[in-house]
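Enquirer: Structure file data_17.pdb (PDB, C-alpha atoms) is given on the next line.
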```pdb
ATOM      1  CA  MET A   1      32.463   2.687 -41.021
ATOM      2  CA  ASN A   2      31.117  -0.837 -41.350
ATOM      3  CA  ASN A   3      27.569  -1.518 -42.556
ATOM      4  CA  ARG A   4      26.335  -2.751 -39.164
ATOM      5  CA  LEU A   5      27.410   0.404 -37.306
ATOM      6  CA  ASN A   6      26.081   2.567 -40.138
ATOM      7  CA  THR A   7      22.714   0.798 -39.914
ATOM      8  CA  ILE A   8      22.556   1.217 -36.127
ATOM      9  CA  ILE A   9      23.259   4.946 -36.347
ATOM     10  CA  SER A  10      21.138   5.708 -39.426
ATOM     11  CA  SER A  11      18.147   3.826 -37.978
ATOM     12  CA  PHE A  12      18.814   5.410 -34.564
ATOM     13  CA  PHE A  13      19.244   2.115 -32.764
ATOM     14  CA  PHE A  14      16.751   0.351 -35.059
ATOM     15  CA  LEU A  15      13.815   2.695 -34.358
ATOM     16  CA  GLY A  16      13.665   3.103 -38.125
ATOM     17  CA  ASN A  17      12.669  -0.558 -38.360
ATOM     18  CA  SER A  18       9.347   0.207 -36.663
ATOM     19  CA  PRO A  19       6.553  -1.322 -38.780
ATOM     20  CA  ILE A  20       4.342   1.678 -38.018
ATOM     21  CA  ALA A  21       5.479   5.283 -38.583
ATOM     22  CA  PRO A  22       9.266   4.854 -38.367
ATOM     23  CA  GLY A  23       9.803   8.627 -38.690
ATOM     24  CA  THR A  24       7.593   9.212 -35.679
ATOM     25  CA  ALA A  25       9.422   6.466 -33.783
ATOM     26  CA  GLY A  26      12.741   8.130 -34.610
ATOM     27  CA  THR A  27      11.449  11.500 -33.422
ATOM     28  CA  LEU A  28      10.229   9.951 -30.174
ATOM     29  CA  GLY A  29      13.652   8.377 -29.758
ATOM     30  CA  ALA A  30      15.224  11.819 -30.026
ATOM     31  CA  ILE A  31      13.441  13.050 -26.887
ATOM     32  CA  PRO A  32      15.714  11.271 -24.362
ATOM     33  CA  LEU A  33      18.763  12.436 -26.336
ATOM     34  CA  TYR A  34      17.417  15.998 -26.226
ATOM     35  CA  TYR A  35      16.959  15.806 -22.443
ATOM     36  CA  LEU A  36      20.500  14.460 -22.010
ATOM     37  CA  MET A  37      21.941  17.196 -24.184
ATOM     38  CA  VAL A  38      19.988  20.045 -22.628
ATOM     39  CA  THR A  39      20.754  18.770 -19.111
ATOM     40  CA  TYR A  40      24.498  18.317 -19.497
ATOM     41  CA  LEU A  41      25.469  20.793 -22.223
ATOM     42  CA  GLY A  42      25.363  24.557 -22.452
ATOM     43  CA  ASP A  43      23.907  26.268 -25.497
ATOM     44  CA  ILE A  44      27.219  26.425 -27.359
ATOM     45  CA  GLN A  45      28.045  22.772 -26.654
ATOM     46  CA  TYR A  46      24.489  21.798 -27.678
ATOM     47  CA  MET A  47      24.934  23.546 -31.033
ATOM     48  CA  VAL A  48      28.397  22.039 -31.595
ATOM     49  CA  CYS A  49      27.022  18.544 -30.882
ATOM     50  CA  LEU A  50      24.055  19.247 -33.161
ATOM     51  CA  LEU A  51      26.373  20.349 -35.961
ATOM     52  CA  LEU A  52      28.542  17.235 -35.545
ATOM     53  CA  LEU A  53      25.467  14.999 -35.420
ATOM     54  CA  THR A  54      24.158  16.648 -38.595
ATOM     55  CA  VAL A  55      27.417  15.931 -40.411
ATOM     56  CA  LEU A  56      27.366  12.331 -39.131
ATOM     57  CA  ALA A  57      23.703  11.988 -40.180
ATOM     58  CA  ILE A  58      24.485  13.108 -43.729
ATOM     59  CA  LYS A  59      27.358  10.609 -43.940
ATOM     60  CA  VAL A  60      25.443   7.602 -42.574
ATOM     61  CA  SER A  61      22.342   8.472 -44.614
ATOM     62  CA  THR A  62      24.415   8.555 -47.797
ATOM     63  CA  ASN A  63      25.904   5.171 -46.877
ATOM     64  CA  ALA A  64      22.447   3.801 -45.998
ATOM     65  CA  GLU A  65      21.222   4.460 -49.538
ATOM     66  CA  LYS A  66      24.001   2.153 -50.750
ATOM     67  CA  ILE A  67      23.294  -0.457 -48.061
ATOM     68  CA  TYR A  68      19.524  -0.543 -48.715
ATOM     69  CA  LYS A  69      20.015   0.003 -52.481
ATOM     70  CA  ARG A  70      17.334   2.693 -52.715
ATOM     71  CA  GLU A  71      16.932   6.434 -52.263
ATOM     72  CA  ASP A  72      15.824   7.810 -48.888
ATOM     73  CA  PRO A  73      15.168   4.439 -47.207
ATOM     74  CA  GLY A  74      12.396   4.533 -44.613
ATOM     75  CA  GLU A  75      14.648   2.812 -42.090
ATOM     76  CA  VAL A  76      16.812   5.927 -41.922
ATOM     77  CA  VAL A  77      15.500   8.099 -39.096
ATOM     78  CA  ILE A  78      18.657   9.866 -37.913
ATOM     79  CA  ASP A  79      17.332  12.802 -39.964
ATOM     80  CA  GLU A  80      14.273  13.001 -37.705
ATOM     81  CA  VAL A  81      16.541  12.981 -34.663
ATOM     82  CA  VAL A  82      18.533  15.910 -36.052
ATOM     83  CA  GLY A  83      15.358  17.743 -37.083
ATOM     84  CA  PHE A  84      13.845  17.398 -33.610
ATOM     85  CA  LEU A  85      17.064  18.604 -31.961
ATOM     86  CA  VAL A  86      16.983  21.653 -34.267
ATOM     87  CA  THR A  87      13.351  22.206 -33.267
ATOM     88  CA  MET A  88      14.274  22.259 -29.589
ATOM     89  CA  ALA A  89      17.440  24.397 -29.822
ATOM     90  CA  PHE A  90      17.286  27.303 -27.339
ATOM     91  CA  ILE A  91      13.799  26.216 -26.186
ATOM     92  CA  ALA A  92      13.107  25.625 -22.491
ATOM     93  CA  PRO A  93      12.959  21.863 -21.793
ATOM     94  CA  THR A  94       9.419  21.693 -20.424
ATOM     95  CA  ILE A  95       7.019  18.837 -21.068
ATOM     96  CA  LEU A  96       4.697  21.227 -22.914
ATOM     97  CA  ASN A  97       7.497  22.506 -25.153
ATOM     98  CA  VAL A  98       8.701  18.984 -25.936
ATOM     99  CA  ALA A  99       5.159  17.899 -26.830
ATOM    100  CA  LEU A 100       4.543  21.000 -28.960
ATOM    101  CA  GLY A 101       7.981  20.651 -30.565
ATOM    102  CA  PHE A 102       7.289  17.018 -31.380
ATOM    103  CA  PHE A 103       3.947  17.756 -33.058
ATOM    104  CA  LEU A 104       5.169  20.881 -34.865
ATOM    105  CA  PHE A 105       8.234  19.095 -36.212
ATOM    106  CA  ARG A 106       6.311  16.012 -37.362
ATOM    107  CA  ALA A 107       3.653  18.181 -39.062
ATOM    108  CA  LEU A 108       6.227  20.336 -40.841
ATOM    109  CA  ASP A 109       8.337  17.315 -41.790
ATOM    110  CA  ILE A 110       5.269  15.827 -43.462
ATOM    111  CA  LEU A 111       3.959  19.064 -45.031
ATOM    112  CA  LYS A 112       7.434  20.167 -46.206
ATOM    113  CA  PRO A 113       7.036  23.968 -46.434
ATOM    114  CA  PHE A 114       9.562  25.965 -48.447
ATOM    115  CA  PRO A 115      12.463  25.188 -48.701
ATOM    116  CA  CYS A 116      12.032  21.657 -47.294
ATOM    117  CA  ARG A 117      10.707  20.040 -50.465
ATOM    118  CA  ARG A 118      13.473  21.624 -52.530
ATOM    119  CA  LEU A 119      16.161  20.460 -50.072
ATOM    120  CA  GLU A 120      14.722  16.938 -50.150
ATOM    121  CA  LYS A 121      15.755  16.749 -53.827
ATOM    122  CA  LEU A 122      19.445  17.145 -53.008
ATOM    123  CA  HIS A 123      21.648  14.129 -53.656
ATOM    124  CA  GLY A 124      22.199  11.405 -51.054
ATOM    125  CA  GLY A 125      22.330  12.143 -47.364
ATOM    126  CA  TYR A 126      22.117  15.881 -47.990
ATOM    127  CA  GLY A 127      18.553  15.520 -49.267
ATOM    128  CA  ILE A 128      17.636  13.052 -46.530
ATOM    129  CA  VAL A 129      18.877  15.243 -43.680
ATOM    130  CA  LEU A 130      18.658  18.876 -44.770
ATOM    131  CA  ASP A 131      14.909  18.876 -45.425
ATOM    132  CA  ASP A 132      14.458  17.775 -41.795
ATOM    133  CA  VAL A 133      16.859  20.482 -40.626
ATOM    134  CA  ALA A 134      14.730  23.038 -42.478
ATOM    135  CA  ALA A 135      11.520  21.602 -40.979
ATOM    136  CA  GLY A 136      13.233  21.831 -37.583
ATOM    137  CA  VAL A 137      14.085  25.495 -38.184
ATOM    138  CA  TRP A 138      10.446  26.226 -39.064
ATOM    139  CA  ALA A 139       9.234  24.316 -35.989
ATOM    140  CA  ASN A 140      11.778  26.120 -33.782
ATOM    141  CA  ILE A 141      10.600  29.532 -34.996
ATOM    142  CA  LEU A 142       6.955  28.615 -34.436
ATOM    143  CA  LEU A 143       7.663  27.121 -31.008
ATOM    144  CA  ALA A 144       9.648  30.197 -29.947
ATOM    145  CA  ALA A 145       6.778  32.418 -31.122
ATOM    146  CA  ILE A 146       4.259  30.309 -29.179
ATOM    147  CA  ASN A 147       6.439  30.658 -26.093
ATOM    148  CA  ILE A 148       6.673  34.436 -26.502
ATOM    149  CA  ILE A 149       2.967  34.948 -27.186
ATOM    150  CA  LEU A 150       1.243  32.370 -24.997
ATOM    151  CA  ILE A 151       3.622  31.158 -22.345
ATOM    152  CA  ASN A 152       5.666  34.200 -21.332
TER     153      ASN A 152
END
```
Turn this file's structure into structure tokens for me.

Expert:
Amino acid sequence: MNNRLNTIISSFFFLGNSPIAPGTAGTLGAIPLYYLMVTYLGDIQYMVCLLLLTVLAIKVSTNAEKIYKREDPGEVVIDEVVGFLVTMAFIAPTILNVALGFFLFRALDILKPFPCRRLEKLHGGYGIVLDDVAAGVWANILLAAINIILIN
């Protein structure tokens, strides 16, 4: 993959170049992708696409470290996209759930509860992406619990 395409994907169409809170910009950019996926894909297809996107994210994040010549470059936000999609897996696509999912994921991505901080120390794209996957799992569990307790 050439550097230009790698940069486009890893920055999620340059949202990672946002001068203010690029991770938040990347997460916001994931919302339309989530709506497309949840509208046109069943649960199994959603999870297959999420798995493939996770693999792609690890690859382009690893390459991005070489392109930017530093570890975990701030311009890389494909990890936030994957993390948000994990957050929203099997969650009803309501405006309230998307808003709660967004805030839960961003908070957990910043706070890095176990095992997020440990996963962040993995080499290359694995460390960049898998800590966000773990934050997404935490956010998904919390969002599902909120739905069970308060919404249903």

Enquirer: At a cut-off of 10 Å, using all atoms listed in the file, what residues contact range 56-71 of chain A? Leave out same-chain residues fewer than 5 positions from it and give the result as a ChimeraX atom specification.

Expert: /A:1-12,50-51,76-82,123-130

Enquirer: Just the number, please: distance in Å from CA of Val133 in chain A to CA of Phe84 in chain A, one decimal.

Expert: 8.2 Å

Enquirer: Quick one: everything within 12 Å of Ala21 in chain A, counting all atoms listed in the file, minus sequence neighbours fewer than 4 positions away in the same chain. Send it as an mmCIF file with C-alpha atoms, in the coordinates of the input.

Expert:
```
data_model
loop_
_atom_site.group_PDB
_atom_site.id
_atom_site.type_symbol
_atom_site.label_atom_id
_atom_site.label_comp_id
_atom_site.auth_asym_id
_atom_site.auth_seq_id
_atom_site.Cartn_x
_atom_site.Cartn_y
_atom_site.Cartn_z
ATOM 1 C CA LEU A 15 13.815 2.695 -34.358
ATOM 2 C CA GLY A 16 13.665 3.103 -38.125
ATOM 3 C CA ASN A 17 12.669 -0.558 -38.360
ATOM 4 C CA ALA A 25 9.422 6.466 -33.783
ATOM 5 C CA GLY A 26 12.741 8.130 -34.610
ATOM 6 C CA THR A 27 11.449 11.500 -33.422
ATOM 7 C CA LEU A 28 10.229 9.951 -30.174
ATOM 8 C CA GLY A 74 12.396 4.533 -44.613
ATOM 9 C CA GLU A 75 14.648 2.812 -42.090
ATOM 10 C CA VAL A 76 16.812 5.927 -41.922
ATOM 11 C CA VAL A 77 15.500 8.099 -39.096
ATOM 12 C CA GLU A 80 14.273 13.001 -37.705
ATOM 13 C CA ARG A 106 6.311 16.012 -37.362
ATOM 14 C CA ILE A 110 5.269 15.827 -43.462
#
```

Enquirer: Name the residues captured by the PyMOL selection byres ((chain A and resi 86) around 7) when it is applied to the shown file; answer as a list in words.

Expert: Val82, Gly83, Phe84, Leu85, Thr87, Met88, Ala89, Val133, Gly136, Val137 and Asn140 of chain A

Enquirer: Going by the chain IDs and residue numbers used in this file, which residues fall under the PyMOL selection byres ((chain A and resi 116) around 10)? Write them as a PDB file with C-alpha atoms, keeping the file's coordinate frame.

Expert:
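Done, and the output landed in out.pdb:
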```
ATOM      1  CA  LEU A 108       6.227  20.336 -40.841  1.00  0.00           C
ATOM      2  CA  ASP A 109       8.337  17.315 -41.790  1.00  0.00           C
ATOM      3  CA  ILE A 110       5.269  15.827 -43.462  1.00  0.00           C
ATOM      4  CA  LEU A 111       3.959  19.064 -45.031  1.00  0.00           C
ATOM      5  CA  LYS A 112       7.434  20.167 -46.206  1.00  0.00           C
ATOM      6  CA  PRO A 113       7.036  23.968 -46.434  1.00  0.00           C
ATOM      7  CA  PHE A 114       9.562  25.965 -48.447  1.00  0.00           C
ATOM      8  CA  PRO A 115      12.463  25.188 -48.701  1.00  0.00           C
ATOM      9  CA  ARG A 117      10.707  20.040 -50.465  1.00  0.00           C
ATOM     10  CA  ARG A 118      13.473  21.624 -52.530  1.00  0.00           C
ATOM     11  CA  LEU A 119      16.161  20.460 -50.072  1.00  0.00           C
ATOM     12  CA  GLU A 120      14.722  16.938 -50.150  1.00  0.00           C
ATOM     13  CA  LYS A 121      15.755  16.749 -53.827  1.00  0.00           C
ATOM     14  CA  GLY A 127      18.553  15.520 -49.267  1.00  0.00           C
ATOM     15  CA  LEU A 130      18.658  18.876 -44.770  1.00  0.00           C
ATOM     16  CA  ASP A 131      14.909  18.876 -45.425  1.00  0.00           C
ATOM     17  CA  ASP A 132      14.458  17.775 -41.795  1.00  0.00           C
ATOM     18  CA  VAL A 133      16.859  20.482 -40.626  1.00  0.00           C
ATOM     19  CA  ALA A 134      14.730  23.038 -42.478  1.00  0.00           C
ATOM     20  CA  ALA A 135      11.520  21.602 -40.979  1.00  0.00           C
ATOM     21  CA  GLY A 136      13.233  21.831 -37.583  1.00  0.00           C
ATOM     22  CA  TRP A 138      10.446  26.226 -39.064  1.00  0.00           C
TER      23      TRP A 138
END
```

Enquirer: Can you pull out the residues contacting Cys49 in chain A? Cut-off 12 Å, using all atoms listed in the file, and skip same-chain residues under 4 positions away; I want them as a VMD selection string.

Expert: chain A and resid 33 to 34 36 to 38 40 to 45 53 to 57 82 85 to 86 89

Enquirer: Missing atoms in range 92-123 of chain A need filling: write out N, CA and C atoms for it as a PDB file, in the coordinates of the input.

Expert:
```
ATOM      1  N   ALA A  92      13.116  26.157 -23.860  1.00  0.00           N
ATOM      2  CA  ALA A  92      13.107  25.625 -22.491  1.00  0.00           C
ATOM      3  C   ALA A  92      12.613  24.174 -22.506  1.00  0.00           C
ATOM      4  N   PRO A  93      13.289  23.294 -21.767  1.00  0.00           N
ATOM      5  CA  PRO A  93      12.959  21.863 -21.793  1.00  0.00           C
ATOM      6  C   PRO A  93      11.777  21.482 -20.894  1.00  0.00           C
ATOM      7  N   THR A  94      10.617  22.058 -21.185  1.00  0.00           N
ATOM      8  CA  THR A  94       9.419  21.693 -20.424  1.00  0.00           C
ATOM      9  C   THR A  94       8.668  20.585 -21.167  1.00  0.00           C
ATOM     10  N   ILE A  95       7.821  19.897 -20.445  1.00  0.00           N
ATOM     11  CA  ILE A  95       7.019  18.837 -21.068  1.00  0.00           C
ATOM     12  C   ILE A  95       6.136  19.425 -22.168  1.00  0.00           C
ATOM     13  N   LEU A  96       5.548  20.588 -21.911  1.00  0.00           N
ATOM     14  CA  LEU A  96       4.697  21.227 -22.914  1.00  0.00           C
ATOM     15  C   LEU A  96       5.498  21.579 -24.166  1.00  0.00           C
ATOM     16  N   ASN A  97       6.675  22.153 -23.992  1.00  0.00           N
ATOM     17  CA  ASN A  97       7.497  22.506 -25.153  1.00  0.00           C
ATOM     18  C   ASN A  97       7.932  21.273 -25.934  1.00  0.00           C
ATOM     19  N   VAL A  98       8.297  20.208 -25.237  1.00  0.00           N
ATOM     20  CA  VAL A  98       8.701  18.984 -25.936  1.00  0.00           C
ATOM     21  C   VAL A  98       7.521  18.425 -26.734  1.00  0.00           C
ATOM     22  N   ALA A  99       6.341  18.406 -26.127  1.00  0.00           N
ATOM     23  CA  ALA A  99       5.159  17.899 -26.830  1.00  0.00           C
ATOM     24  C   ALA A  99       4.825  18.776 -28.038  1.00  0.00           C
ATOM     25  N   LEU A 100       4.822  20.089 -27.840  1.00  0.00           N
ATOM     26  CA  LEU A 100       4.543  21.000 -28.960  1.00  0.00           C
ATOM     27  C   LEU A 100       5.625  20.882 -30.031  1.00  0.00           C
ATOM     28  N   GLY A 101       6.877  20.804 -29.614  1.00  0.00           N
ATOM     29  CA  GLY A 101       7.981  20.651 -30.565  1.00  0.00           C
ATOM     30  C   GLY A 101       7.843  19.379 -31.368  1.00  0.00           C
ATOM     31  N   PHE A 102       7.484  18.301 -30.696  1.00  0.00           N
ATOM     32  CA  PHE A 102       7.289  17.018 -31.380  1.00  0.00           C
ATOM     33  C   PHE A 102       6.220  17.149 -32.462  1.00  0.00           C
ATOM     34  N   PHE A 103       5.049  17.670 -32.099  1.00  0.00           N
ATOM     35  CA  PHE A 103       3.947  17.756 -33.058  1.00  0.00           C
ATOM     36  C   PHE A 103       4.228  18.772 -34.173  1.00  0.00           C
ATOM     37  N   LEU A 104       4.829  19.898 -33.830  1.00  0.00           N
ATOM     38  CA  LEU A 104       5.169  20.881 -34.865  1.00  0.00           C
ATOM     39  C   LEU A 104       6.184  20.297 -35.853  1.00  0.00           C
ATOM     40  N   PHE A 105       7.228  19.660 -35.321  1.00  0.00           N
ATOM     41  CA  PHE A 105       8.234  19.095 -36.212  1.00  0.00           C
ATOM     42  C   PHE A 105       7.643  18.020 -37.103  1.00  0.00           C
ATOM     43  N   ARG A 106       6.881  17.096 -36.538  1.00  0.00           N
ATOM     44  CA  ARG A 106       6.311  16.012 -37.362  1.00  0.00           C
ATOM     45  C   ARG A 106       5.397  16.592 -38.443  1.00  0.00           C
ATOM     46  N   ALA A 107       4.562  17.575 -38.083  1.00  0.00           N
ATOM     47  CA  ALA A 107       3.653  18.181 -39.062  1.00  0.00           C
ATOM     48  C   ALA A 107       4.435  18.860 -40.184  1.00  0.00           C
ATOM     49  N   LEU A 108       5.446  19.620 -39.825  1.00  0.00           N
ATOM     50  CA  LEU A 108       6.227  20.336 -40.841  1.00  0.00           C
ATOM     51  C   LEU A 108       7.105  19.393 -41.655  1.00  0.00           C
ATOM     52  N   ASP A 109       7.559  18.313 -41.046  1.00  0.00           N
ATOM     53  CA  ASP A 109       8.337  17.315 -41.790  1.00  0.00           C
ATOM     54  C   ASP A 109       7.460  16.630 -42.834  1.00  0.00           C
ATOM     55  N   ILE A 110       6.206  16.451 -42.515  1.00  0.00           N
ATOM     56  CA  ILE A 110       5.269  15.827 -43.462  1.00  0.00           C
ATOM     57  C   ILE A 110       4.807  16.832 -44.522  1.00  0.00           C
ATOM     58  N   LEU A 111       4.464  18.053 -44.100  1.00  0.00           N
ATOM     59  CA  LEU A 111       3.959  19.064 -45.031  1.00  0.00           C
ATOM     60  C   LEU A 111       5.046  19.642 -45.932  1.00  0.00           C
ATOM     61  N   LYS A 112       6.277  19.689 -45.453  1.00  0.00           N
ATOM     62  CA  LYS A 112       7.434  20.167 -46.206  1.00  0.00           C
ATOM     63  C   LYS A 112       7.247  21.569 -46.791  1.00  0.00           C
ATOM     64  N   PRO A 113       7.115  22.595 -45.915  1.00  0.00           N
ATOM     65  CA  PRO A 113       7.036  23.968 -46.434  1.00  0.00           C
ATOM     66  C   PRO A 113       8.367  24.390 -47.048  1.00  0.00           C
ATOM     67  N   PHE A 114       8.343  25.465 -47.825  1.00  0.00           N
ATOM     68  CA  PHE A 114       9.562  25.965 -48.447  1.00  0.00           C
ATOM     69  C   PHE A 114      10.610  26.217 -47.375  1.00  0.00           C
ATOM     70  N   PRO A 115      11.833  25.835 -47.562  1.00  0.00           N
ATOM     71  CA  PRO A 115      12.463  25.188 -48.701  1.00  0.00           C
ATOM     72  C   PRO A 115      12.619  23.667 -48.523  1.00  0.00           C
ATOM     73  N   CYS A 116      11.845  23.081 -47.630  1.00  0.00           N
ATOM     74  CA  CYS A 116      12.032  21.657 -47.294  1.00  0.00           C
ATOM     75  C   CYS A 116      11.935  20.751 -48.516  1.00  0.00           C
ATOM     76  N   ARG A 117      10.889  20.913 -49.303  1.00  0.00           N
ATOM     77  CA  ARG A 117      10.707  20.040 -50.465  1.00  0.00           C
ATOM     78  C   ARG A 117      11.861  20.186 -51.461  1.00  0.00           C
ATOM     79  N   ARG A 118      12.340  21.399 -51.621  1.00  0.00           N
ATOM     80  CA  ARG A 118      13.473  21.624 -52.530  1.00  0.00           C
ATOM     81  C   ARG A 118      14.736  20.959 -51.982  1.00  0.00           C
ATOM     82  N   LEU A 119      14.971  21.075 -50.682  1.00  0.00           N
ATOM     83  CA  LEU A 119      16.161  20.460 -50.072  1.00  0.00           C
ATOM     84  C   LEU A 119      16.100  18.939 -50.148  1.00  0.00           C
ATOM     85  N   GLU A 120      14.900  18.387 -50.078  1.00  0.00           N
ATOM     86  CA  GLU A 120      14.722  16.938 -50.150  1.00  0.00           C
ATOM     87  C   GLU A 120      15.242  16.370 -51.469  1.00  0.00           C
ATOM     88  N   LYS A 121      15.310  17.209 -52.504  1.00  0.00           N
ATOM     89  CA  LYS A 121      15.755  16.749 -53.827  1.00  0.00           C
ATOM     90  C   LYS A 121      17.272  16.725 -53.973  1.00  0.00           C
ATOM     91  N   LEU A 122      17.991  17.201 -52.954  1.00  0.00           N
ATOM     92  CA  LEU A 122      19.445  17.145 -53.008  1.00  0.00           C
ATOM     93  C   LEU A 122      19.907  15.693 -53.019  1.00  0.00           C
ATOM     94  N   HIS A 123      21.106  15.475 -53.494  1.00  0.00           N
ATOM     95  CA  HIS A 123      21.648  14.129 -53.656  1.00  0.00           C
ATOM     96  C   HIS A 123      22.032  13.496 -52.316  1.00  0.00           C
TER      97      HIS A 123
END
```
